[in-house]
$ cat model08.txt   # compact mmCIF, C-alpha atoms and all ligand atoms
# COMPACT_ATOMS: atom_id res chain seq x y z
CA MET A 9 19.71 1.24 16.81
CA ASN A 10 17.36 3.69 18.49
CA PHE A 11 13.74 4.17 17.44
CA ASP A 12 12.79 6.67 20.16
CA LEU A 13 10.52 9.10 18.35
CA ASN A 14 11.48 12.75 18.20
CA GLU A 15 8.95 15.46 19.02
CA GLU A 16 7.82 15.96 15.43
CA GLN A 17 7.34 12.22 14.86
CA SER A 18 5.30 11.85 18.08
CA GLU A 19 3.14 14.86 17.18
CA ILE A 20 2.42 13.56 13.67
CA ARG A 21 1.64 10.06 14.96
CA ASP A 22 -0.74 11.46 17.61
CA MET A 23 -2.41 13.76 15.08
CA VAL A 24 -3.01 10.85 12.66
CA ARG A 25 -4.22 8.65 15.53
CA ARG A 26 -6.85 11.27 16.48
CA PHE A 27 -7.82 11.75 12.82
CA THR A 28 -8.23 7.98 12.36
CA GLU A 29 -10.33 7.62 15.53
CA GLN A 30 -12.61 10.49 14.52
CA GLU A 31 -12.88 10.27 10.73
CA ILE A 32 -12.07 6.69 9.73
CA THR A 33 -12.71 4.01 12.38
CA PRO A 34 -16.39 4.90 12.97
CA HIS A 35 -17.13 4.51 9.22
CA ALA A 36 -14.89 1.60 8.22
CA GLU A 37 -17.57 -1.07 8.62
CA GLU A 38 -20.01 0.86 6.40
CA TRP A 39 -17.32 1.51 3.74
CA ASP A 40 -16.57 -2.22 3.74
CA GLU A 41 -20.24 -3.20 3.42
CA GLN A 42 -20.93 -0.67 0.66
CA SER A 43 -17.56 -0.79 -1.14
CA HIS A 44 -17.40 2.96 -0.59
CA PHE A 45 -14.27 4.89 -1.60
CA PRO A 46 -13.92 7.68 1.00
CA ARG A 47 -12.95 10.54 -1.30
CA ALA A 48 -13.64 13.22 1.33
CA VAL A 49 -11.15 11.57 3.70
CA PHE A 50 -8.45 11.81 1.01
CA GLU A 51 -9.20 15.52 0.66
CA GLN A 52 -8.82 15.88 4.44
CA MET A 53 -5.55 13.93 4.33
CA GLY A 54 -4.38 16.40 1.67
CA SER A 55 -4.97 19.32 4.01
CA LEU A 56 -3.17 17.46 6.81
CA GLY A 57 -0.07 17.15 4.60
CA LEU A 58 -0.29 13.36 4.19
CA MET A 59 -0.54 13.28 0.37
CA GLY A 60 3.11 14.19 -0.27
CA MET A 61 4.74 13.04 2.92
CA THR A 62 8.30 12.36 1.78
CA THR A 63 8.15 14.79 -1.19
CA PRO A 64 10.56 17.78 -1.01
CA GLU A 65 9.10 21.01 0.39
CA GLU A 66 9.87 22.92 -2.83
CA TYR A 67 7.12 20.87 -4.53
CA GLY A 68 4.66 21.30 -1.70
CA GLY A 69 5.58 18.07 0.12
CA GLY A 70 6.23 17.50 3.80
CA ALA A 71 9.85 16.28 3.38
CA LEU A 72 9.23 13.79 6.18
CA ASP A 73 11.53 10.85 6.77
CA ARG A 74 10.28 7.38 5.89
CA LEU A 75 10.00 6.32 9.53
CA THR A 76 7.45 9.09 10.10
CA GLY A 77 5.63 7.84 7.01
CA ALA A 78 5.54 4.33 8.51
CA LEU A 79 4.01 5.71 11.72
CA VAL A 80 1.29 7.41 9.67
CA TYR A 81 0.39 4.22 7.73
CA GLU A 82 0.36 2.15 10.91
CA GLU A 83 -2.14 4.53 12.56
CA LEU A 84 -4.42 4.84 9.51
CA ALA A 85 -4.51 1.07 8.99
CA LYS A 86 -5.86 0.57 12.52
CA GLY A 87 -8.99 2.30 11.22
CA ASP A 88 -9.26 1.12 7.62
CA MET A 89 -6.62 -0.75 5.65
CA GLY A 90 -8.11 0.26 2.27
CA THR A 91 -7.68 3.97 3.03
CA ALA A 92 -4.09 3.40 4.17
CA VAL A 93 -3.32 1.41 0.99
CA GLY A 94 -4.82 4.15 -1.22
CA LEU A 95 -2.64 6.72 0.53
CA SER A 96 0.46 4.54 0.22
CA VAL A 97 -0.01 4.10 -3.54
CA HIS A 98 -0.69 7.83 -3.91
CA ASN A 99 2.50 8.76 -2.04
CA MET A 100 4.41 6.25 -4.15
CA ILE A 101 3.37 8.19 -7.27
CA THR A 102 4.05 11.61 -5.73
CA GLY A 103 7.48 10.46 -4.53
CA THR A 104 8.40 8.75 -7.81
CA LEU A 105 7.51 11.79 -9.93
CA ALA A 106 9.43 14.05 -7.54
CA ARG A 107 12.46 11.75 -7.81
CA PHE A 108 12.47 10.66 -11.45
CA GLY A 109 10.31 13.30 -13.16
CA SER A 110 11.62 16.25 -15.18
CA GLU A 111 11.36 19.76 -13.77
CA GLU A 112 8.33 20.34 -15.98
CA GLN A 113 6.65 17.14 -14.76
CA ARG A 114 7.28 18.06 -11.14
CA GLU A 115 5.73 21.49 -11.62
CA ARG A 116 2.80 20.00 -13.52
CA TRP A 117 1.82 17.13 -11.24
CA VAL A 118 3.79 16.84 -8.00
CA ARG A 119 2.53 20.04 -6.37
CA ASP A 120 -1.14 19.13 -6.96
CA LEU A 121 -0.58 15.50 -5.96
CA ALA A 122 1.10 16.60 -2.72
CA ALA A 123 -1.79 18.98 -1.97
CA GLY A 124 -4.32 16.20 -2.55
CA LYS A 125 -5.88 18.04 -5.51
CA LEU A 126 -4.97 15.06 -7.70
CA GLN A 127 -4.95 11.39 -6.79
CA GLY A 128 -2.30 8.99 -8.11
CA ALA A 129 -2.33 5.31 -9.14
CA PHE A 130 0.36 2.83 -10.15
CA SER A 131 -0.11 0.51 -13.12
CA LEU A 132 2.44 -2.26 -13.67
CA SER A 133 0.49 -5.58 -13.54
CA GLU A 134 -1.29 -7.24 -16.45
CA ALA A 135 -3.31 -10.43 -16.82
CA GLU A 136 -0.23 -12.36 -18.00
CA ALA A 137 2.38 -10.30 -16.15
CA GLY A 138 2.10 -10.42 -12.36
CA SER A 139 5.18 -11.61 -10.49
CA ASP A 140 6.96 -11.67 -13.87
CA ALA A 141 6.39 -7.95 -14.43
CA ALA A 142 9.15 -7.76 -17.06
CA SER A 143 6.95 -9.76 -19.45
CA LEU A 144 4.31 -6.99 -19.69
CA GLN A 145 2.83 -6.42 -23.13
CA CYS A 146 0.98 -3.07 -23.01
CA ARG A 147 2.56 -1.18 -25.90
CA ALA A 148 3.68 2.46 -26.15
CA GLU A 149 4.82 3.27 -29.69
CA ARG A 150 6.70 6.47 -30.41
CA GLN A 151 5.19 8.55 -33.21
CA GLY A 152 6.88 11.93 -33.58
CA ASP A 153 6.31 13.95 -30.42
CA SER A 154 3.79 11.45 -29.04
CA TYR A 155 3.39 7.89 -27.83
CA VAL A 156 0.42 5.76 -28.88
CA ILE A 157 -0.62 3.33 -26.13
CA ASN A 158 -2.50 0.08 -26.69
CA GLY A 159 -3.20 -2.66 -24.17
CA THR A 160 -4.95 -3.60 -20.96
CA LYS A 161 -3.66 -3.29 -17.41
CA LEU A 162 -5.09 -5.09 -14.41
CA TRP A 163 -5.38 -4.72 -10.65
CA VAL A 164 -4.95 -0.95 -10.41
CA THR A 165 -5.52 0.31 -6.87
CA SER A 166 -7.60 3.54 -7.02
CA GLY A 167 -8.31 2.76 -10.68
CA GLY A 168 -11.16 4.96 -11.86
CA VAL A 169 -11.00 7.34 -8.89
CA ALA A 170 -7.39 8.46 -9.49
CA ASP A 171 -6.50 11.33 -11.83
CA VAL A 172 -2.84 10.55 -12.60
CA TYR A 173 -1.64 7.05 -13.60
CA LEU A 174 2.00 6.03 -13.59
CA LEU A 175 1.92 3.48 -16.39
CA MET A 176 4.62 0.97 -17.27
CA ALA A 177 4.42 0.07 -20.98
CA ARG A 178 6.62 -1.58 -23.60
CA THR A 179 8.49 0.76 -25.92
CA GLN A 180 10.67 -1.97 -27.48
CA PRO A 181 9.02 -5.27 -28.41
CA GLY A 182 10.72 -8.46 -27.23
CA THR A 183 13.53 -6.94 -25.19
CA GLY A 184 12.50 -7.91 -21.67
CA SER A 185 12.90 -5.39 -18.88
CA ALA A 186 15.09 -3.06 -20.98
CA GLY A 187 12.14 -2.40 -23.34
CA ILE A 188 9.86 -0.99 -20.63
CA SER A 189 9.31 2.73 -20.05
CA SER A 190 7.20 4.77 -17.59
CA PHE A 191 4.58 7.33 -18.51
CA VAL A 192 2.05 9.57 -16.87
CA VAL A 193 -1.41 9.14 -18.35
CA GLU A 194 -4.14 11.47 -17.14
CA LYS A 195 -7.73 10.41 -16.62
CA GLY A 196 -9.86 11.79 -19.44
CA THR A 197 -7.21 11.29 -22.14
CA PRO A 198 -9.03 10.06 -25.30
CA GLY A 199 -8.49 6.32 -25.78
CA PHE A 200 -8.03 5.71 -22.03
CA SER A 201 -11.00 4.03 -20.31
CA PHE A 202 -11.76 1.83 -17.32
CA GLY A 203 -12.82 -1.82 -17.44
CA LYS A 204 -14.17 -4.08 -14.73
CA THR A 205 -13.92 -3.26 -11.03
CA GLU A 206 -12.72 -6.34 -9.14
CA ARG A 207 -15.07 -7.98 -6.61
CA LYS A 208 -12.67 -8.72 -3.78
CA MET A 209 -12.52 -10.77 -0.56
CA GLY A 210 -11.69 -7.60 1.39
CA LEU A 211 -10.20 -4.10 1.05
CA HIS A 212 -13.60 -2.96 -0.19
CA SER A 213 -12.99 0.75 0.42
CA SER A 214 -10.13 0.63 -2.10
CA PRO A 215 -11.35 0.19 -5.70
CA THR A 216 -9.22 -2.13 -7.86
CA ARG A 217 -9.83 -1.67 -11.57
CA GLU A 218 -8.79 -2.58 -15.09
CA LEU A 219 -7.36 0.10 -17.41
CA ILE A 220 -7.94 -0.06 -21.17
CA PHE A 221 -5.83 1.80 -23.72
CA GLU A 222 -7.04 1.95 -27.34
CA ASN A 223 -4.88 4.15 -29.57
CA CYS A 224 -4.43 6.49 -26.62
CA VAL A 225 -2.12 9.32 -27.67
CA ILE A 226 -0.04 11.08 -25.00
CA PRO A 227 2.71 13.68 -25.46
CA ALA A 228 6.28 12.31 -25.42
CA ALA A 229 6.83 14.82 -22.59
CA ASN A 230 4.74 12.48 -20.36
CA ARG A 231 7.49 9.85 -20.40
CA VAL A 232 9.14 9.63 -16.97
CA GLY A 233 12.90 9.05 -17.20
CA GLU A 234 14.58 7.67 -20.30
CA GLU A 235 13.19 4.99 -22.60
CA GLY A 236 14.03 1.60 -21.09
CA GLN A 237 14.16 2.84 -17.47
CA GLY A 238 10.53 1.99 -16.72
CA LEU A 239 10.99 -1.23 -14.78
CA LYS A 240 13.86 0.25 -12.77
CA ILE A 241 11.62 3.18 -11.81
CA ALA A 242 8.73 0.84 -10.95
CA LEU A 243 10.87 -1.44 -8.79
CA SER A 244 12.41 1.49 -6.98
CA SER A 245 8.91 2.85 -6.21
CA LEU A 246 7.94 -0.59 -4.90
CA ASP A 247 10.88 -0.64 -2.46
CA SER A 248 9.38 2.29 -0.56
CA GLY A 249 5.85 0.99 -1.11
CA ARG A 250 6.81 -2.32 0.54
CA VAL A 251 7.93 -0.61 3.75
CA ASN A 252 4.56 1.15 3.85
CA ILE A 253 2.68 -2.12 3.30
CA GLY A 254 4.68 -3.58 6.21
CA ALA A 255 3.62 -0.63 8.38
CA ILE A 256 0.00 -1.06 7.30
CA ALA A 257 0.12 -4.75 8.21
CA VAL A 258 1.47 -3.84 11.67
CA GLY A 259 -1.44 -1.40 12.15
CA VAL A 260 -4.09 -3.98 11.18
CA ALA A 261 -2.44 -6.62 13.38
CA GLN A 262 -2.33 -4.22 16.34
CA ALA A 263 -6.03 -3.41 15.94
CA ALA A 264 -6.87 -7.14 15.76
CA PHE A 265 -4.76 -7.86 18.85
CA GLU A 266 -6.45 -5.10 20.87
CA THR A 267 -9.93 -6.33 19.93
CA ALA A 268 -9.00 -9.91 20.92
CA ARG A 269 -7.38 -8.79 24.21
CA ASP A 270 -10.39 -6.70 25.23
CA TYR A 271 -12.83 -9.44 24.28
CA ALA A 272 -10.85 -12.07 26.22
CA ARG A 273 -11.09 -9.93 29.37
CA GLU A 274 -14.89 -9.66 29.06
CA ARG A 275 -16.04 -13.02 27.73
CA GLN A 276 -16.90 -15.54 30.45
CA GLN A 277 -16.96 -19.32 29.97
CA PHE A 278 -16.83 -22.04 32.63
CA GLY A 279 -17.34 -19.28 35.19
CA HIS A 280 -14.14 -17.41 34.28
CA PRO A 281 -13.02 -14.79 31.76
CA ILE A 282 -11.47 -16.64 28.82
CA SER A 283 -8.31 -14.53 29.41
CA SER A 284 -7.69 -16.74 32.47
CA PHE A 285 -7.16 -19.78 30.21
CA GLN A 286 -3.53 -20.36 29.31
CA ALA A 287 -4.41 -21.31 25.72
CA ILE A 288 -5.84 -17.81 25.19
CA GLN A 289 -3.02 -16.12 27.12
CA PHE A 290 -0.40 -17.80 24.92
CA MET A 291 -2.22 -16.78 21.75
CA LEU A 292 -2.30 -13.16 22.96
CA ALA A 293 1.36 -13.32 24.03
CA ASP A 294 2.41 -14.68 20.62
CA MET A 295 0.41 -11.98 18.85
CA ALA A 296 2.00 -9.16 20.87
CA MET A 297 5.51 -10.63 20.48
CA LYS A 298 5.26 -11.04 16.71
CA ILE A 299 3.67 -7.61 16.18
CA GLU A 300 6.54 -6.00 18.09
CA ALA A 301 9.12 -7.91 16.00
CA ALA A 302 7.33 -6.88 12.78
CA ARG A 303 7.16 -3.25 13.90
CA LEU A 304 10.90 -3.14 14.61
CA LEU A 305 11.69 -4.69 11.22
CA VAL A 306 9.48 -2.07 9.52
CA TYR A 307 11.09 0.79 11.44
CA GLU A 308 14.56 -0.53 10.57
CA ALA A 309 13.66 -0.82 6.87
CA ALA A 310 12.22 2.70 6.95
CA SER A 311 15.50 3.99 8.40
CA LYS A 312 17.70 2.65 5.57
CA PRO A 313 18.86 5.12 2.91
CA GLU A 314 16.42 4.94 -0.02
CA GLY A 315 17.69 3.34 -3.23
CA SER A 316 20.45 1.10 -1.81
CA ARG A 317 20.54 -2.69 -2.28
CA GLU A 318 20.48 -3.03 1.49
CA ALA A 319 17.29 -0.93 1.62
CA ALA A 320 15.65 -3.20 -0.97
CA MET A 321 16.46 -6.30 1.08
CA HIS A 322 15.20 -4.76 4.32
CA ALA A 323 12.03 -3.54 2.60
CA ALA A 324 11.39 -7.10 1.37
CA MET A 325 12.07 -8.53 4.85
CA ALA A 326 9.76 -6.00 6.51
CA LYS A 327 6.94 -6.49 4.00
CA CYS A 328 7.15 -10.28 4.09
CA PHE A 329 7.46 -10.70 7.85
CA ALA A 330 4.92 -8.03 8.79
CA THR A 331 2.25 -9.26 6.38
CA ASP A 332 2.74 -12.95 7.30
CA THR A 333 2.51 -11.86 10.95
CA ALA A 334 -0.64 -9.82 10.31
CA MET A 335 -2.30 -12.79 8.59
CA GLU A 336 -1.48 -15.01 11.56
CA VAL A 337 -2.53 -12.42 14.14
CA THR A 338 -5.85 -11.57 12.48
CA THR A 339 -6.67 -15.29 12.03
CA ASN A 340 -5.92 -15.93 15.72
CA ALA A 341 -7.92 -12.86 16.73
CA VAL A 342 -10.95 -14.44 15.03
CA GLN A 343 -10.16 -17.62 16.98
CA VAL A 344 -10.05 -15.79 20.32
CA LEU A 345 -13.51 -14.36 19.64
CA GLY A 346 -14.89 -17.75 18.62
CA GLY A 347 -18.20 -17.49 16.75
CA ALA A 348 -18.33 -13.77 17.49
CA GLY A 349 -15.12 -13.42 15.48
CA TYR A 350 -16.64 -14.98 12.40
CA VAL A 351 -19.56 -12.57 12.12
CA ARG A 352 -19.59 -8.86 11.41
CA ASP A 353 -20.46 -7.71 14.94
CA TYR A 354 -16.72 -7.27 15.56
CA PRO A 355 -14.13 -5.95 13.11
CA VAL A 356 -11.72 -8.91 13.30
CA GLU A 357 -13.21 -10.79 10.34
CA ARG A 358 -12.79 -7.62 8.24
CA TYR A 359 -9.18 -7.27 9.39
CA MET A 360 -8.53 -10.87 8.33
CA ARG A 361 -10.22 -10.46 4.93
CA ASP A 362 -8.47 -7.14 4.31
CA VAL A 363 -4.96 -8.13 5.30
CA LYS A 364 -4.79 -11.30 3.18
CA VAL A 365 -4.00 -9.24 0.11
CA ALA A 366 -0.92 -7.78 1.78
CA GLN A 367 0.77 -11.17 1.30
CA ILE A 368 -0.02 -10.89 -2.42
CA PHE A 369 0.34 -7.33 -3.72
CA GLU A 370 3.47 -5.18 -4.16
CA GLY A 371 5.20 -8.50 -4.89
CA THR A 372 3.94 -11.75 -3.32
CA ASN A 373 5.73 -12.97 -0.22
CA GLN A 374 7.34 -15.70 -2.34
CA ILE A 375 8.85 -12.93 -4.51
CA GLN A 376 10.01 -11.07 -1.36
CA ARG A 377 11.89 -14.21 -0.32
CA ILE A 378 13.52 -14.30 -3.77
CA VAL A 379 14.60 -10.65 -3.36
CA ILE A 380 16.06 -11.42 0.08
CA ALA A 381 17.85 -14.56 -1.13
CA ARG A 382 19.33 -12.69 -4.12
CA ALA A 383 20.63 -9.95 -1.83
CA LEU A 384 22.19 -12.58 0.42
CA LEU A 385 23.61 -14.90 -2.24
CA GLY A 386 24.06 -12.77 -5.33
CA LYS A 387 23.34 -14.49 -8.65
CA VAL A 388 23.48 -18.28 -8.25
C1 LIG B 401 -6.26 -5.87 -4.34
C2 LIG B 401 -5.08 -5.80 -5.27
C3 LIG B 401 -4.53 -4.56 -5.57
C4 LIG B 401 -3.46 -4.47 -6.45
N1 LIG B 401 -2.98 -3.23 -6.79
C5 LIG B 401 -2.05 -3.13 -7.78
C6 LIG B 401 -1.66 -1.85 -8.28
O1 LIG B 401 -2.10 -0.80 -7.79
N2 LIG B 401 -0.81 -1.80 -9.33
C7 LIG B 401 -0.30 -2.93 -9.92
O2 LIG B 401 0.46 -2.81 -10.86
N3 LIG B 401 -0.63 -4.15 -9.44
C8 LIG B 401 -1.50 -4.28 -8.40
N4 LIG B 401 -1.88 -5.52 -7.93
C9 LIG B 401 -1.31 -6.72 -8.57
C10 LIG B 401 -0.36 -7.48 -7.68
O3 LIG B 401 0.83 -6.76 -7.52
C11 LIG B 401 -0.19 -8.87 -8.27
O4 LIG B 401 -1.39 -9.57 -8.02
C12 LIG B 401 1.01 -9.61 -7.68
O5 LIG B 401 2.21 -9.02 -8.11
C13 LIG B 401 1.01 -11.09 -8.05
O6 LIG B 401 0.81 -11.29 -9.40
P1 LIG B 401 -0.30 -12.35 -9.88
O7 LIG B 401 -1.54 -12.05 -9.16
O8 LIG B 401 -0.31 -12.35 -11.36
O9 LIG B 401 0.21 -13.75 -9.33
P2 LIG B 401 1.24 -14.74 -10.08
O10 LIG B 401 2.47 -14.01 -10.46
O11 LIG B 401 0.51 -15.50 -11.13
O12 LIG B 401 1.59 -15.73 -8.88
C14 LIG B 401 0.78 -16.85 -8.53
C15 LIG B 401 1.53 -17.62 -7.44
O13 LIG B 401 2.80 -18.10 -7.94
C16 LIG B 401 3.85 -17.65 -7.11
N5 LIG B 401 5.05 -17.39 -7.92
C17 LIG B 401 5.13 -16.68 -9.09
N6 LIG B 401 6.39 -16.64 -9.52
C18 LIG B 401 7.14 -17.34 -8.63
C19 LIG B 401 8.51 -17.67 -8.52
N7 LIG B 401 9.42 -17.26 -9.42
N8 LIG B 401 8.91 -18.41 -7.46
C20 LIG B 401 8.02 -18.82 -6.51
N9 LIG B 401 6.70 -18.55 -6.56
C21 LIG B 401 6.27 -17.81 -7.60
C22 LIG B 401 3.31 -16.37 -6.47
O14 LIG B 401 4.01 -16.08 -5.25
C23 LIG B 401 1.87 -16.76 -6.22
O15 LIG B 401 1.75 -17.49 -5.05
C24 LIG B 401 -2.92 -5.65 -7.02
C25 LIG B 401 -3.45 -6.90 -6.68
C26 LIG B 401 -4.52 -6.98 -5.83
C27 LIG B 401 -5.11 -8.33 -5.52
$ encode --input "model08.txt" --output "structure tokens"
Amino acid sequence: MNFDLNEEQSEIRDMVRRFTEQEITPHAEEWDEQSHFPRAVFEQMGSLGLMGMTTPEEYGGGALDRLTGALVYEELAKGDMGTAVGLSVHNMITGTLARFGSEEQRERWVRDLAAGKLQGAFSLSEAEAGSDAASLQCRAERQGDSYVINGTKLWVTSGGVADVYLLMARTQPGTGSAGISSFVVEKGTPGFSFGKTERKMGLHSSPTRELIFENCVIPAANRVGEEGQGLKIALSSLDSGRVNIGAIAVGVAQAAFETARDYARERQQFGHPISSFQAIQFMLADMAMKIEAARLLVYEAASKPEGSREAAMHAAMAKCFATDTAMEVTTNAVQVLGGAGYVRDYPVERYMRDVKVAQIFEGTNQIQRIVIARALLGKV
């Protein structure tokens, strides 16, 4: 397997690296402190072609391969994980509508999503349906040429700031996953409102919000795919999303490692830089080794053909390993900085707070291990 980057991939990675250094990294601390959603940065990412990265060119996308996408997320996450996560969710919606949407839906939403004129969000989870997504209860009842939606969704990344919501709702009561369908619901539709914004440990630049549907009527033409295909569509979107979360985790871990390495060279104790102590050297060596392993797993997962069972397993492996690695690396980066790591003078405590959620969302790492085991063993 060869992951030497071609010219286009190197150019895009370098462009995003410069963009992150100029437009994101200098502001990330302030966005974290003020829970600021950087809308203007998303507009800029639209003009850079990052809002429809893997979407076909005929709908205004960049038609990039998924490995290039992973490089982009890795670079952005070095600056601010929340921004990278918002972009990943957005691209998940753009890509899903391009893949599963009707011609009319593609014309209506994909072009504007890919241009960054609209922002997308993904709404599967509910208070009682997290890992067990198939048990969701939000109801979409067919009435003539419309669906009437009632229920509450939780944990929606970019909730409130997004314009287009890919909603998974129940069209058949009591039929498990086969009774779930996908819909596009636009912000501003009567009966669709926003509830509480979560107060989180980290990822403060990425709003996470509750969605409330009270007799919200949408045209039947907003259904994506056939009735009953909703969970299949959602899980397929998550397969690509998981590779991106793996790439984001690698970016955060790399940034934490570099901060720890540079600090260890400067900080003097007992008359020597702490980088001369073997305990610190081994921590840095372990960080670098595990980041490299995580990066290769992410690149391999990104290179698998989308939609295959093999791709799903590799996406789960990449997400699980990279996010566990990032949690370990960011925690150890705080340790290398000692007390300075625990306060906000350095970004490592933010990296640690931010990256924790990567072990939880887009399927917890326990669920990733179930996906991997099922792929290895079949049904047992
Ligand atoms: C910041 C943030 C952003 C999010 N963004 C979105 C979003 O945009 N859209 C969206 O739909 N959702 C989103 N989520 C929801 C997220 O995907 C869920 O939190 C996640 O799937 C876990 O569900 P849960 O929180 O209900 O945990 P639970 O499912 O209640 O799990 C609790 C614990 O039990 C474990 N567990 C559960 N089932 C099993 C099992 N069978 N075997 C072993 N262990 C198990 C879990 O691993 C976990 O450790 C977001 C969450 C957060 C925190």
$ residues_near_ligand --input "model08.txt" --ligand "ligand LIG 401 (chain B)" --cutoff "6 Å" --atoms "only C-alpha atoms and all ligand atoms" --output "VMD selection string"
chain A and resid 130 to 133 137 to 139 163 to 165 216 365 368 to 372 374 to 375
$ closest_residue --input "model08.txt" --among "A:Glu206, A:Glu83, A:Asp247, A:Glu31" --to "A:Gln262" --atoms "all atoms listed in the file"
A:Glu83
$ closest_residue --input "model08.txt" --among "A:Arg119, A:Arg352, A:Ile20, A:Arg147" --to "A:Asp40" --atoms "only C-alpha atoms"
A:Arg352
$ atom_distance --input "model08.txt" --atom1 "atom CA of A:Thr76" --atom2 "atom CA of A:Ser311"
9.7 Å
$ residues_around --input "model08.txt" --residues "stretch 319-321 of chain A" --least-positions-apart "2" --cutoff "12 Å" --atoms "all atoms listed in the file" --output "ChimeraX atom specification"
/A:74,243-251,305-317,323-328,375-386
$ closest_atom_pairs --input "model08.txt" --of "stretch 122-202 of chain A" --to "stretch 57-71 of chain A" --cutoff "10 Å" --atoms "only C-alpha atoms" --output "CSV"
residue,atom,partner,partner_atom,distance
A:Ala122,CA,A:Gly60,CA,4.0
A:Ala123,CA,A:Met59,CA,6.3
A:Gly124,CA,A:Met59,CA,5.6
A:Lys125,CA,A:Met59,CA,9.3
A:Leu126,CA,A:Met59,CA,9.4
A:Gln127,CA,A:Met59,CA,8.6
A:Gly128,CA,A:Met59,CA,9.7
$ decode --input "model08.txt" --residues "stretch 287-342 of chain A" --atoms "C-alpha atoms" --output "short mmCIF file (atom, residue, chain, number, x, y, z; two decimals), in the first residue's frame"
data_model
loop_
_atom_site.label_atom_id
_atom_site.label_comp_id
_atom_site.auth_asym_id
_atom_site.auth_seq_id
_atom_site.Cartn_x
_atom_site.Cartn_y
_atom_site.Cartn_z
CA ALA A 287 10.58 9.38 31.14
CA ILE A 288 9.67 12.40 28.96
CA GLN A 289 11.48 11.01 25.90
CA PHE A 290 9.52 7.75 26.11
CA MET A 291 6.22 9.60 26.44
CA LEU A 292 7.06 11.65 23.32
CA ALA A 293 8.22 8.53 21.45
CA ASP A 294 5.00 6.68 22.30
CA MET A 295 2.91 9.66 21.20
CA ALA A 296 4.68 9.92 17.82
CA MET A 297 4.52 6.15 17.25
CA LYS A 298 0.80 5.87 18.00
CA ILE A 299 -0.11 8.98 15.98
CA GLU A 300 1.70 7.51 12.96
CA ALA A 301 -0.12 4.17 13.38
CA ALA A 302 -3.47 6.00 13.68
CA ARG A 303 -2.72 8.12 10.62
CA LEU A 304 -1.95 5.04 8.50
CA LEU A 305 -5.15 3.33 9.65
CA VAL A 306 -7.15 6.45 8.72
CA TYR A 307 -5.48 6.70 5.30
CA GLU A 308 -6.15 3.01 4.66
CA ALA A 309 -9.82 3.35 5.65
CA ALA A 310 -10.12 6.42 3.42
CA SER A 311 -8.74 4.41 0.50
CA LYS A 312 -11.36 1.63 0.68
CA PRO A 313 -14.23 1.75 -1.83
CA GLU A 314 -17.19 3.52 -0.18
CA GLY A 315 -20.18 1.37 0.74
CA SER A 316 -18.49 -2.04 1.09
CA ARG A 317 -18.58 -4.13 4.29
CA GLU A 318 -14.79 -3.98 4.34
CA ALA A 319 -14.94 -0.17 4.22
CA ALA A 320 -17.33 -0.14 7.19
CA MET A 321 -14.97 -2.30 9.25
CA HIS A 322 -11.93 -0.20 8.37
CA ALA A 323 -13.83 3.02 9.13
CA ALA A 324 -14.71 1.62 12.58
CA MET A 325 -11.09 0.54 13.17
CA ALA A 326 -9.74 3.94 12.12
CA LYS A 327 -12.25 5.90 14.20
CA CYS A 328 -11.79 3.76 17.29
CA PHE A 329 -7.99 3.55 17.21
CA ALA A 330 -7.38 7.17 16.22
CA THR A 331 -9.72 8.62 18.84
CA ASP A 332 -8.42 6.35 21.64
CA THR A 333 -4.91 7.37 20.57
CA ALA A 334 -5.82 11.07 20.55
CA MET A 335 -7.27 10.81 24.06
CA GLU A 336 -4.08 9.17 25.30
CA VAL A 337 -1.79 11.60 23.46
CA THR A 338 -3.60 14.74 24.61
CA THR A 339 -3.70 13.46 28.22
CA ASN A 340 0.05 12.76 28.10
CA ALA A 341 0.71 16.14 26.48
CA VAL A 342 -0.89 17.76 29.53
#
